[in-house]
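*Asks:* Can you keep this structure in mind? I'll have questions shortly.
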Amino acid sequence: MNIILSIRRFLHALRHASLPLAAALACNFAMAAPGAHGPGGEHLDEAGRPAAGTALPRIVAKSELFELVAELKGGELVIVVDRFETNEPVLNARLEVASGGLESVAAFRAEAGDYVVADSALLKTLGTPGEHALLFTLAAGKDTDLLDGTLVMPGAKTGAGEGGHAHDGEGAHDHERERGVWIGAGVLALGLLAGFVWWRRRHRQRRMLSEGAAS
């Protein structure tokens with residue numbers, strides 16, 4: 001019903017509006033449709049939301065001596081440590097990880113050249129949706145350093161709540177159908193505008209011919 005009312009209002013405006021105003025109405029009609037895109041191609045109705053991706057939750061932390069990448073995957077927290085200046089791998093070091101009042105010593109894996117935390121309590125905490133601050137205490141030879149970062153664990157996908165949009169199953173299909181209807185209505189509006197412009201030109205030409213013949 002909203003689409004029909006919008007088209008009727010548009011046709012009424014074409015009958016009584018000047019050409020510039022009709023063009024402005026057509027542009028506003030197209031821009032107001034759901035699924036409109038901003039300058040960067042983003043959905044205007046989804047501004048501010050983080051983009052969905054397939055990357056695993058991770059932390060990148062640096063200091064003057066070291067840099068590390070910690071990634072939560074396969075039920076473990078896997079950590080790779082390098083020297084900041086040379087990118088030389090830091091092997092056989094002692095690495096402690098603390099978060100939310102829990103602490104665990106990461107085990108070094110010589111075959112992979114990385115460190116892994118398999119503490120179930122710590123992993124359970126890190127696996128809950130939200131932001132988790134982690135502190136890494138690293139002792140490599142004579143060098144000791146502290147590195148910190150925040151692990152962001154996204155929440156689970158849910159269906160539409162009250163006043164929301166569903167984006168899976170039937171809800172996703174309904175959203176696509178609604179979008180297709182609006183796009184079709186926009187195309188129809190632009191077609192009507194083009195017909196209106198053609199009609200005005202023909203009418204003006206005929207009037208000029210009639211005035212010329214009369215004179």
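Scheme for the structure tokens: letters A, B, ... for chains in order shown; per-chain residue numbers from 1; ligand numbers from 1 in order shown.
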Excluding A:Ala112 and residues on its chain fewer than 5 positions from it, collect all residues at most 12 Å away from it, counting only C-alpha atoms, and give them as number ranges by chain.
*Replies:* A: 78-81, 89, 91-92, 107
*Asks:* Excluding A:Glu131 and any residue of its chain fewer than 5 positions from it, enumerate the residues within 9 Å of it, using only C-alpha atoms, and give them as a list in words.
*Replies:*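 Final neighbour list, sorted by chain and number: Leu126, Thr150, Leu151, Val152, Met153 and Pro154 of chain A.
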*Asks:* Write the selection just made, keeping N, CA and C atoms, as a JSON list (two decimals), in the first residue's frame?
*Replies:*
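selection10.json, freshly written:
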[["chain", "number", "residue", "atom", "x", "y", "z"],
["A", 126, "LEU", "N", 37.10, -15.96, 26.87],
["A", 126, "LEU", "CA", 37.37, -15.28, 25.61],
["A", 126, "LEU", "C", 36.32, -15.60, 24.55],
["A", 150, "THR", "N", 43.06, -5.96, 22.84],
["A", 150, "THR", "CA", 41.66, -6.28, 23.10],
["A", 150, "THR", "C", 41.14, -7.24, 22.03],
["A", 151, "LEU", "N", 40.62, -8.35, 22.48],
["A", 151, "LEU", "CA", 40.03, -9.35, 21.59],
["A", 151, "LEU", "C", 38.53, -9.09, 21.49],
["A", 152, "VAL", "N", 38.02, -8.90, 20.29],
["A", 152, "VAL", "CA", 36.60, -8.63, 20.08],
["A", 152, "VAL", "C", 35.93, -9.89, 19.57],
["A", 153, "MET", "N", 35.03, -10.43, 20.37],
["A", 153, "MET", "CA", 34.28, -11.62, 19.98],
["A", 153, "MET", "C", 32.88, -11.21, 19.56],
["A", 154, "PRO", "N", 32.54, -11.35, 18.28],
["A", 154, "PRO", "CA", 31.20, -10.93, 17.84],
["A", 154, "PRO", "C", 30.13, -11.81, 18.43]]
*Asks:* Measuring atom to atom with only C-alpha atoms, identify which of A:Glu96, A:Asp143, A:Glu67, A:Asp119 is nearest to A:Phe84.
*Replies:*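 Checking each candidate against A:Phe84, we get A:Glu67 as the closest.
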*Asks:* Rounded to one decimal in Å, what is the spacing between atom CA of A:Glu76 and atom CA of A:Ala118?
*Replies:*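 Taking atom CA of A:Glu76 as the start and atom CA of A:Ala118 as the end point, the length is 5.3 Å.
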*Asks:* I want to know what sits within 8 Å of A:Gly149, based on only C-alpha atoms, with residues of the same chain fewer than 2 positions away left out; could you give that as a list of chain:residue names?
*Replies:* A:Ile59, A:Val60, A:Ala61, A:Ala133, A:Leu134, A:Leu135, A:Leu147, A:Leu151
*Asks:* Using only C-alpha atoms for the distances, tell me which of A:Leu56, A:Met208, A:Ala139, A:Leu77 is nearest to A:Tyr115.
*Replies:* A:Leu77
*Asks:* Residues of stretch 40-128 of chain A classed as strand (DSSP E) by DSSP on the backbone are to be reported as an MDAnalysis selection string.
*Replies:* chainID A and resid 58:62 66:73 76:83 94:99 102:109 114:117
